[in-house]
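For reference, work_30.cif is printed below; it contains mmCIF, C-alpha atoms and all ligand atoms.
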data_entry
#
loop_
_atom_site.label_atom_id
_atom_site.label_comp_id
_atom_site.auth_asym_id
_atom_site.auth_seq_id
_atom_site.Cartn_x
_atom_site.Cartn_y
_atom_site.Cartn_z
CA MET A 27 0.00 0.00 0.00
CA LYS A 28 1.22 3.51 -0.87
CA ASN A 29 1.08 5.84 2.10
CA PHE A 30 0.95 9.64 1.60
CA ALA A 31 0.93 12.42 4.18
CA LYS A 32 1.31 15.26 1.66
CA LYS A 33 -1.54 16.18 -0.66
CA ASP A 34 0.72 17.24 -3.57
CA GLU A 35 2.46 13.87 -3.62
CA LEU A 36 -0.86 12.02 -3.49
CA GLN A 37 -2.26 14.17 -6.29
CA GLN A 38 0.76 13.54 -8.54
CA TYR A 39 0.50 9.81 -7.93
CA LEU A 40 -3.24 9.68 -8.66
CA ALA A 41 -2.97 11.94 -11.74
CA LYS A 42 -0.80 9.32 -13.46
CA LEU A 43 -3.23 6.52 -12.67
CA ARG A 44 -6.18 8.63 -13.81
CA ALA A 45 -4.41 9.42 -17.08
CA ASP A 46 -4.05 5.66 -17.62
CA GLY A 47 -7.82 5.33 -17.27
CA ALA A 48 -8.08 4.10 -13.67
CA VAL A 49 -11.42 4.50 -11.89
CA ILE A 50 -10.61 5.91 -8.46
CA THR A 51 -12.78 4.98 -5.50
CA PHE A 52 -12.48 6.69 -2.15
CA VAL A 53 -13.30 5.79 1.46
CA PRO A 54 -12.78 8.77 3.79
CA THR A 55 -12.48 7.85 7.49
CA LEU A 56 -11.50 9.17 10.89
CA GLY A 57 -9.43 6.03 11.47
CA ALA A 58 -9.81 3.52 14.33
CA LEU A 59 -10.87 1.17 11.57
CA HIS A 60 -13.25 -1.71 12.18
CA GLN A 61 -14.98 -4.27 9.97
CA GLY A 62 -17.50 -1.63 8.84
CA HIS A 63 -14.71 0.47 7.29
CA LEU A 64 -13.02 -2.59 5.81
CA SER A 65 -16.29 -3.63 4.17
CA LEU A 66 -16.38 -0.17 2.53
CA ILE A 67 -12.88 -0.78 1.17
CA GLN A 68 -13.97 -4.18 -0.15
CA GLN A 69 -17.04 -2.70 -1.83
CA ALA A 70 -14.87 0.07 -3.28
CA GLN A 71 -12.64 -2.63 -4.81
CA GLN A 72 -15.66 -3.96 -6.73
CA LEU A 73 -16.44 -0.54 -8.18
CA GLY A 74 -13.08 0.71 -9.43
CA ASN A 75 -9.38 0.04 -10.01
CA VAL A 76 -7.67 2.06 -7.29
CA VAL A 77 -9.00 2.39 -3.74
CA VAL A 78 -7.89 5.40 -1.71
CA CYS A 79 -8.65 5.47 2.02
CA SER A 80 -8.06 8.61 4.07
CA ILE A 81 -7.47 8.65 7.80
CA PHE A 82 -7.82 12.13 9.23
CA VAL A 83 -9.30 13.03 12.60
CA ASN A 84 -10.90 16.23 11.41
CA PRO A 85 -10.94 18.81 14.21
CA THR A 86 -13.60 21.05 12.62
CA GLN A 87 -16.35 18.44 12.94
CA PHE A 88 -15.91 17.89 16.69
CA ASN A 89 -18.04 20.35 18.61
CA ASP A 90 -16.77 18.91 21.92
CA PRO A 91 -12.99 19.32 22.39
CA LYS A 92 -12.94 16.40 24.89
CA ASP A 93 -14.48 14.13 22.25
CA LEU A 94 -11.75 15.17 19.80
CA GLU A 95 -9.04 14.58 22.37
CA LYS A 96 -10.21 11.09 23.30
CA TYR A 97 -10.98 9.96 19.74
CA PRO A 98 -8.94 6.73 19.25
CA ARG A 99 -5.95 7.01 16.88
CA PRO A 100 -4.41 3.52 16.47
CA ILE A 101 -2.61 4.37 13.22
CA GLN A 102 -0.25 1.35 13.10
CA ASP A 103 -3.17 -0.99 13.64
CA ASP A 104 -5.15 0.82 10.96
CA ILE A 105 -2.31 0.51 8.43
CA ARG A 106 -2.07 -3.21 9.13
CA LYS A 107 -5.83 -3.65 8.61
CA LEU A 108 -5.75 -1.71 5.34
CA GLU A 109 -2.85 -3.82 4.10
CA GLN A 110 -4.72 -7.00 4.99
CA VAL A 111 -7.62 -6.01 2.71
CA ASN A 112 -5.25 -4.82 -0.05
CA CYS A 113 -6.18 -1.16 0.04
CA ASP A 114 -4.10 0.58 -2.64
CA VAL A 115 -3.48 4.02 -1.18
CA LEU A 116 -3.64 5.62 2.27
CA PHE A 117 -3.83 9.38 2.70
CA ASN A 118 -2.94 10.28 6.29
CA PRO A 119 -2.29 14.03 6.51
CA ASP A 120 -1.79 16.08 9.67
CA VAL A 121 -3.89 19.10 10.58
CA PRO A 122 -1.59 21.81 9.10
CA GLU A 123 -1.53 19.89 5.81
CA MET A 124 -5.33 20.12 5.62
CA TYR A 125 -6.03 23.55 7.14
CA ALA A 126 -4.45 26.97 6.88
CA ASN A 127 -5.02 29.18 9.94
CA ASN A 128 -8.53 30.54 10.55
CA GLU A 129 -10.06 29.14 7.39
CA LYS A 130 -13.71 30.07 6.99
CA TRP A 131 -16.34 27.69 5.63
CA HIS A 132 -20.09 27.75 5.40
CA LEU A 133 -22.35 25.81 3.09
CA ASP A 134 -26.10 26.25 3.13
CA ILE A 135 -27.31 22.68 3.61
CA GLY A 136 -30.73 23.81 4.82
CA GLU A 137 -32.57 22.03 7.58
CA LEU A 138 -30.34 18.96 7.45
CA GLU A 139 -27.94 21.05 9.49
CA SER A 140 -30.29 21.54 12.42
CA LEU A 141 -32.36 18.33 12.49
CA LEU A 142 -31.55 15.26 14.63
CA GLU A 143 -27.72 15.00 14.91
CA GLY A 144 -27.42 18.60 13.79
CA LYS A 145 -29.50 19.79 16.73
CA PHE A 146 -27.28 17.99 19.23
CA ARG A 147 -23.94 18.70 17.51
CA PRO A 148 -24.01 22.31 16.31
CA GLY A 149 -21.51 22.95 13.54
CA HIS A 150 -20.79 19.24 13.07
CA TYR A 151 -22.05 19.02 9.51
CA GLN A 152 -20.31 22.24 8.50
CA GLY A 153 -17.07 20.58 9.63
CA VAL A 154 -17.94 17.38 7.76
CA THR A 155 -18.74 19.17 4.50
CA GLN A 156 -15.63 21.33 4.87
CA VAL A 157 -13.27 18.37 5.17
CA VAL A 158 -15.06 16.14 2.64
CA TYR A 159 -14.99 18.99 0.11
CA LYS A 160 -11.22 19.32 0.65
CA LEU A 161 -10.69 15.56 0.45
CA PHE A 162 -12.74 15.28 -2.76
CA ASP A 163 -10.73 18.17 -4.20
CA ILE A 164 -7.45 16.42 -3.40
CA VAL A 165 -8.39 12.83 -4.35
CA LYS A 166 -10.85 13.66 -7.17
CA PRO A 167 -12.54 10.28 -6.83
CA ASP A 168 -14.97 8.90 -9.37
CA ILE A 169 -16.90 7.17 -6.59
CA ALA A 170 -16.92 7.79 -2.83
CA LEU A 171 -18.34 5.30 -0.34
CA PHE A 172 -19.92 6.10 3.02
CA GLY A 173 -21.51 3.90 5.67
CA GLN A 174 -25.25 4.03 6.34
CA LYS A 175 -24.55 4.25 10.07
CA ASP A 176 -24.10 8.01 9.61
CA TYR A 177 -27.26 8.22 7.56
CA GLN A 178 -27.69 11.97 8.00
CA GLN A 179 -24.06 12.48 6.99
CA VAL A 180 -24.71 10.70 3.68
CA LEU A 181 -27.71 12.98 3.00
CA VAL A 182 -25.62 16.04 3.90
CA ILE A 183 -22.74 15.04 1.62
CA GLN A 184 -25.14 14.21 -1.23
CA LYS A 185 -26.66 17.67 -0.75
CA MET A 186 -23.19 19.24 -1.01
CA VAL A 187 -22.40 17.21 -4.14
CA ASP A 188 -25.68 18.37 -5.73
CA LEU A 189 -25.30 22.01 -4.67
CA LEU A 190 -21.71 22.34 -5.84
CA LYS A 191 -22.18 19.97 -8.79
CA LEU A 192 -19.17 17.92 -7.74
CA PRO A 193 -18.22 15.22 -10.27
CA VAL A 194 -18.38 12.27 -7.89
CA LYS A 195 -20.88 9.48 -7.38
CA LEU A 196 -21.77 8.63 -3.78
CA VAL A 197 -22.52 5.07 -2.69
CA MET A 198 -24.08 4.34 0.69
CA CYS A 199 -23.16 0.91 2.11
CA PRO A 200 -25.18 -1.06 4.69
CA ILE A 201 -24.38 -0.92 8.41
CA VAL A 202 -22.06 -3.69 9.58
CA ARG A 203 -23.15 -5.14 12.91
CA GLU A 204 -21.64 -7.31 15.61
CA PRO A 205 -23.26 -10.77 15.80
CA ASP A 206 -25.56 -9.53 18.60
CA GLY A 207 -26.74 -6.54 16.53
CA LEU A 208 -24.62 -3.66 17.88
CA ALA A 209 -23.68 -1.35 15.00
CA MET A 210 -19.91 -1.30 14.57
CA SER A 211 -18.40 2.02 15.59
CA SER A 212 -14.95 3.31 16.49
CA ARG A 213 -16.54 4.57 19.70
CA ASN A 214 -17.54 1.07 20.87
CA VAL A 215 -14.06 0.62 22.39
CA HIS A 216 -15.08 3.10 25.08
CA LEU A 217 -18.03 0.94 26.25
CA SER A 218 -17.56 -0.97 29.51
CA THR A 219 -18.76 -4.59 29.56
CA ASP A 220 -22.06 -3.50 31.14
CA ASP A 221 -22.52 -0.58 28.76
CA ARG A 222 -21.81 -2.87 25.82
CA LYS A 223 -24.82 -5.02 26.86
CA ARG A 224 -27.01 -1.98 27.53
CA ALA A 225 -26.19 -0.50 24.13
CA LEU A 226 -28.07 -3.40 22.49
CA ILE A 227 -31.34 -1.68 23.36
CA LEU A 228 -30.73 0.61 20.37
CA SER A 229 -30.48 -2.03 17.63
CA LYS A 230 -33.18 -4.19 19.27
CA THR A 231 -35.60 -1.28 19.36
CA LEU A 232 -34.86 -0.30 15.76
CA ASN A 233 -35.43 -3.88 14.64
CA ARG A 234 -38.70 -4.15 16.48
CA ILE A 235 -39.95 -0.90 14.96
CA LYS A 236 -39.03 -2.12 11.49
CA GLN A 237 -40.88 -5.39 12.01
CA GLN A 238 -44.01 -3.79 13.48
CA PHE A 239 -44.11 -0.76 11.21
CA THR A 240 -47.21 0.37 9.43
CA PRO A 241 -47.62 4.04 8.37
CA ASP A 242 -50.73 4.49 10.53
CA ARG A 243 -48.81 3.57 13.71
CA ILE A 244 -45.90 6.02 13.47
CA GLY A 245 -46.75 8.01 16.62
CA GLN A 246 -47.47 4.96 18.74
CA LEU A 247 -44.36 3.05 17.64
CA GLN A 248 -42.15 6.06 18.18
CA GLN A 249 -43.54 6.52 21.69
CA GLU A 250 -43.01 2.83 22.51
CA ALA A 251 -39.42 3.05 21.29
CA ILE A 252 -38.72 6.12 23.43
CA VAL A 253 -40.14 4.41 26.53
CA ALA A 254 -38.14 1.21 25.89
CA ILE A 255 -34.84 3.11 25.55
CA ASN A 256 -35.55 5.41 28.48
CA ASN A 257 -36.23 2.34 30.63
CA GLU A 258 -32.76 0.93 29.97
CA PRO A 259 -30.47 1.81 32.92
CA GLY A 260 -27.37 3.81 32.00
CA VAL A 261 -28.78 4.87 28.62
CA THR A 262 -29.71 8.51 28.01
CA LEU A 263 -31.73 9.04 24.86
CA ALA A 264 -31.02 12.08 22.69
CA TYR A 265 -33.64 11.33 20.04
CA PHE A 266 -35.56 8.49 18.45
CA GLU A 267 -37.32 9.58 15.29
CA ILE A 268 -39.29 7.82 12.60
CA ALA A 269 -38.44 10.17 9.77
CA ASP A 270 -38.80 10.77 6.08
CA GLY A 271 -35.68 9.04 4.77
CA GLU A 272 -35.03 11.82 2.26
CA THR A 273 -35.61 14.99 4.29
CA LEU A 274 -35.34 13.67 7.87
CA HIS A 275 -38.52 15.55 8.73
CA PRO A 276 -40.85 13.62 11.03
CA ALA A 277 -42.60 11.00 8.91
CA ASN A 278 -46.32 11.00 8.21
CA LYS A 279 -48.71 8.66 6.40
CA ASN A 280 -47.78 10.16 3.02
CA THR A 281 -44.05 9.71 3.46
CA LYS A 282 -42.52 7.49 0.74
CA LYS A 283 -39.25 6.35 2.29
CA PHE A 284 -39.22 5.75 6.05
CA ALA A 285 -36.17 5.54 8.29
CA ALA A 286 -35.86 5.29 12.06
CA LEU A 287 -32.88 7.04 13.62
CA VAL A 288 -31.62 7.02 17.17
CA ALA A 289 -28.86 8.65 19.22
CA ALA A 290 -28.16 7.92 22.86
CA THR A 291 -25.38 8.13 25.39
CA VAL A 292 -24.52 4.77 26.90
CA GLY A 293 -22.38 5.25 29.99
CA LYS A 294 -20.21 8.07 28.66
CA THR A 295 -20.26 7.05 25.01
CA ARG A 296 -22.54 8.65 22.45
CA LEU A 297 -23.83 6.15 19.89
CA ILE A 298 -26.00 6.50 16.79
CA ASP A 299 -27.84 3.87 14.81
CA ASN A 300 -30.63 3.68 12.25
CA VAL A 301 -32.67 1.41 10.08
CA ILE A 302 -34.25 2.02 6.70
CA ILE A 303 -37.80 0.81 7.10
CA SER A 304 -38.95 1.04 3.49
CA ASP A 305 -37.50 2.33 0.24
O1 LIG B 401 -17.77 9.49 8.86
C1 LIG B 401 -16.60 9.84 9.05
O2 LIG B 401 -15.73 9.03 9.34
C2 LIG B 401 -16.23 11.31 8.91
O3 LIG B 401 -17.29 12.14 9.26
C3 LIG B 401 -15.69 11.68 7.53
C4 LIG B 401 -16.71 11.44 6.44
C5 LIG B 401 -14.44 10.87 7.23
C6 LIG B 401 -15.30 13.16 7.49
O4 LIG B 401 -14.30 13.45 8.42
#
Could you express the structure from this file as structure tokens?
Amino acid sequence: MKNFAKKDELQQYLAKLRADGAVITFVPTLGALHQGHLSLIQQAQQLGNVVVCSIFVNPTQFNDPKDLEKYPRPIQDDIRKLEQVNCDVLFNPDVPEMYANNEKWHLDIGELESLLEGKFRPGHYQGVTQVVYKLFDIVKPDIALFGQKDYQQVLVIQKMVDLLKLPVKLVMCPIVREPDGLAMSSRNVHLSTDDRKRALILSKTLNRIKQQFTPDRIGQLQQEAIVAINNEPGVTLAYFEIADGETLHPANKNTKKFAALVAATVGKTRLIDNVIISD
């Protein structure tokens, strides 16, 4: 695997491959890679000739400095995992390589910025669009792959791609789960043994809602889900919403694509999860 820390060197390398007709696929990450990320790399391998993975803990998307500080950064482990799945290129820049001092960024992504995750993490999606825009500009991928676990993030990035007419196709890949249903996340390492068991209430509740869903029961099912999660000791619910899967507005009977999304703090760890109920 080629490993670049400097954007100019990466760009020169990719320009040659592109000139030879390579289709470049891209998996941007914050590192602390798990099977979910590796499955994105594997899907990227099916879609193109050269897979680029970036590992960059982007400071502008962390609204809580403590969260940024404690974000896991096992870079040697990550490199080993990428090599095991035959990733072609790693881009692993430091902060000065990505940001000049006091850079300003604002993109009007409408209500997606303030709904659900946006409400609880002000500025988060501005930081995400800022860094993904930069990464797309450096890598110039034909296809970029993102995990469904950050469902709202995929909608936000698609909105940016549409608004700025960026020449990249986005692919959303299914959530990868532990055998007991917990959505894989870099944050799971912070869960104590007890919290790990308690966290299962999120995927279990989402599953139940999906199984029992009918459009005339939205309010009732949502209420039942909120009660079930609130009843789990050590779990503090931020939101549970049955939403329109395209706008993330609360769903109603006329909604076409339904998704249920949840965020909760388990012990001290904030987790998100979701399920697409119908396409
Ligand atoms: O989902 C993530 O890992 C990050 O938000 C991303 C897309 C790599 C941007 O920093």
Report as a CSV table (one decimal) with C-alpha atoms, keeping the file's coordinate frame all protein, DNA and RNA residues lying within 8 Å of Val261 (chain A), evaluated on all atoms listed in the file, omitting residues in the same chain fewer than 3 positions from it.
chain,number,residue,atom,x,y,z
A,224,ARG,CA,-27.0,-2.0,27.5
A,225,ALA,CA,-26.2,-0.5,24.1
A,255,ILE,CA,-34.8,3.1,25.6
A,256,ASN,CA,-35.6,5.4,28.5
A,258,GLU,CA,-32.8,0.9,30.0
A,290,ALA,CA,-28.2,7.9,22.9
A,291,THR,CA,-25.4,8.1,25.4
A,292,VAL,CA,-24.5,4.8,26.9
A,293,GLY,CA,-22.4,5.2,30.0
Selection: 9 Å around Leu43 (chain A), only C-alpha atoms, excl. self and same-chain fewer than 6 positions, as an MDAnalysis selection string: chainID A and resid 49:50 76
Output the neighbourhood of ligand LIG 401 (chain B) as an MDAnalysis selection string, that is, all protein and nucleic acid residues with some atom at most 7 Å from the ligand, counting all atoms listed in the file. chainID A and resid 54:56 82:84 154 157:158 176
Please check which residues have atoms at most 12 Å from (-11.9, 16.2, -4.3) in the file's coordinates, counting all atoms listed in the file, and write them as a ChimeraX atom specification. /A:33,36-37,40,50-54,78,80,155-170,187,190-195
Could you list, as a list in words, every residue within 8 Å of Leu66 (chain A), counting only C-alpha atoms and ignoring same-chain residues fewer than 2 positions away? Val53, Gly62, His63, Leu64, Gln68, Gln69, Ala70, Leu171, Phe172, Gly173 and Cys199 of chain A
I'd like the neighbourhood of Ala209 (chain A) as a count of residues only, where a residue qualifies if any of its atoms comes within 10 Å (using only C-alpha atoms), though same-chain residues fewer than 5 positions away should be ignored. 15
